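Written below as structure tokens is the structure these notes are about.
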Amino acid sequence: MNQDEEKLLRSVALQNAQAVLLARERAERALLAANEALERRSSELAEQREFFRVTLASIGDAVLTTDTEARITFLNPVAETMTGWKLEDAVGQPLEKVFNIINVQSREPAQNPVTRVLREGVVVGLANHPALIALDGRETPIDDSAAPIRSASGNISGVVMVFHDVTKQRQAEFQLRASNQELSEVRDNLEKRVQERTAELAAANEDLRQLSARLLYVQDEERRRLARELHDSIGQLLAAIGMNIGIVRSQSDQLDARGARAVSENAQLVEQVSREIRTISHLLHPPLLEIAGLASALRWYIDGFSERSKIKVDIEIPEDFERLPNETELAIFRIVQECLTNIHRHSESETAAVFISQESSRLIVQVEDHGKGMPKEKQRELTESNRSGVGFGGMRERVRQLGGTLEVKSQATGTTVRAILKVGMND
Ligand SMILES: Nc1ncnc2c1ncn2[C@@H]1O[C@H](COP(=O)(O)OP(=O)(O)OP(=O)(O)O)[C@@H](O)[C@H]1O
Ligand SMILES: [Mg+2]
């Protein structure tokens with residue numbers, strides 16, 4: 001080897017040595033960097049672990065996790081308290097042993113949601129109202145859900161269950177149900193009482209109606225009896241007295257002037273009393289009503305009324321007005337009689353009119369005057385509350401018995417009373 005060759009070899013060797021040194025330096029630097037990264041990563045991991053540990057420990061809900069075989073891998077402190085299991089004892093145990101749930105109503109074991117989560121990979125809520133039985137037998141109503149834990153690649157690596165104590169909620173629900181139940185019982189009771197009271201009132205009303213119907217009937221009968229009594233008994237007695245006075249009068253030449261005048265006056269007085277008794281008797285019960293019918297009886301009554309009251313009364317009844325059942329004719333007669341008496345007593349009207357008309361099965365009886373009208377509050381009583389004087393009360397009852405209605409219209413220019421009756425329906 002010559003000198004040049006030797007120089008070359010040395011220089012190559014030096015270069016090689018330098019390259020090796022450089023490579024080594026690089027490798028050492030890379031190692032150092034990798035070590036640092038590893039340390040950073042593991043400290044980060046430790047921080048994350050601590051973060052999750054603290055988070056799970058501070059969470060108010062119980063949390064437990066299982067592996068894919070449904071064996072416990074983790075319990076947080078709340079889960080420890082609720083199940084009665086310590087984490088170290090629970091890890092590796094089958095889920096059912098630690099998380100022992102039953103159906104509150106049936107007391108049967110409740111279906112565990114973990115199997116379904118593992119099979120279907122979905123989030124599952126618990127069956128209706130389960131209760132968790134702790135290791136020491138304590139029973140806690142719970143609400144919960146279970147969800148799959150997935151790795152970064154998307155595979156299911158276990159199940160996480162979150163549950164919490166719902167004792168207070170269940171108690172509140174129970175109380176709500178109880179008070180709802182109580183409330184509906186109270187309401188039912190109240191409704192029942194209202195119904196009973198309504199039925200009682202309806203019965204009392206019906207009794208009252210029957211009583212007033214009976215009263216009207218008794219009143220009519222009493223008037224009829226009094227009318228007959230006056231006519232037949234007192235009328236006959238007066239006639240007898242009249243005849244006796246006639247006998248005395250025929251011998252009045254045997255009396256002095258005073259005695260003869262007294263006898264003659266007596267004859268006139270007896271005649272006057274007879275007439276008045278007759279009128280009273282006929283007003284109490286018009287004999288024409290049954291014999292000649294409503295139209296004639298009304299005409300006779302209205303003539304007498306006009307004469308006594310000085311109120312001019314027009315009457316319109318159809319020429320061909322037919323006879324109606326006795327009680328209908330009497331009711332109409334009494335209604336007209338009461339209306340005209342009212343006009344005389346209350347209206348200050350100088351005229352009045354009575355219209356009777358018939359349209360198929362509807363009979364309309366209308367009595368009107370041109371007087372001062374009824375006071376407003378009287379009208380309200382009559383229309384709103386059914387409260388009225390005996391006069392209107394009686395008219396209303398008579399109309400009701402005949403299946404009709406009574407209308408009253410009154411203003412400062414006069415009053416109209418209109419009874420609408422159903423007739424000829426049952427013939
Ligand atoms: N035509 C009328 N014009 C003005 N007011 C009337 C008329 N008819 C009735 N009234 C009023 O209506 C009230 C009630 O009449 P209703 O016939 O029921 O009783 P009453 O005539 O007072 O007594 P009664 O029971 O003796 O008939 C009367 O008191 C009167 O104030
Ligand atoms: Mg009256």
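Going by the structure tokens order, chains are called A, B, ..., each with residues numbered from 1, while ligands are numbered from 1 in the order shown.
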Exercise. If you run DSSP on the backbone, which residues of range 194-396 of chain A are strand (DSSP E), as a ChimeraX atom specification?
Worked result: /A:312-316,351-359,362-369
For this session: Residues up to 7 Å from ligand 1, counting only C-alpha atoms and all ligand atoms: could you list those as a PyMOL selection string?
Result: chain A and resi 338-339+342-343+346-347+369+371-375+378+388-393+414-415
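The residue that comes closest to Asp232 in chain A, out of A:Gln379, A:Ser281, A:Asn180, A:Gln210 and on the basis of only C-alpha atoms, is A:Ser281.
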For this session: Might you pull out every residue within 9 Å of Glu350 in chain A, with only C-alpha atoms counted and same-chain residues fewer than 4 positions away left off, and present them as number ranges by chain?
Result: A: 310-313, 344, 369-371
For this session: From the DSSP assignment of the backbone, select every residue of range 38-122 of chain A that is helix (DSSP H, G or I), and format the answer as a ChimeraX atom specification.
Result: /A:38-58,77-83,87-90,95-98,113-120
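Remark: for ligand 2, the closest of the candidate residues A:Ile335, A:Ala199, A:Val367, A:Ile302 is A:Ile335 (distances computed over only C-alpha atoms and all ligand atoms).
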For this session: Tell me, as a PyMOL selection string, which residues lie within 8 Å of Ala70 in chain A, counting only C-alpha atoms; anything in the same chain fewer than 4 positions away does not count.
Result: chain A and resi 66+94-95+114-115+158-159
For this session: Would you mind listing what lies within 12 Å of Arg116 in chain A as a PyMOL selection string, with only C-alpha atoms counted and same-chain residues fewer than 2 positions away left out?
Result: chain A and resi 68+70+111-114+118-126+145-148+158-159
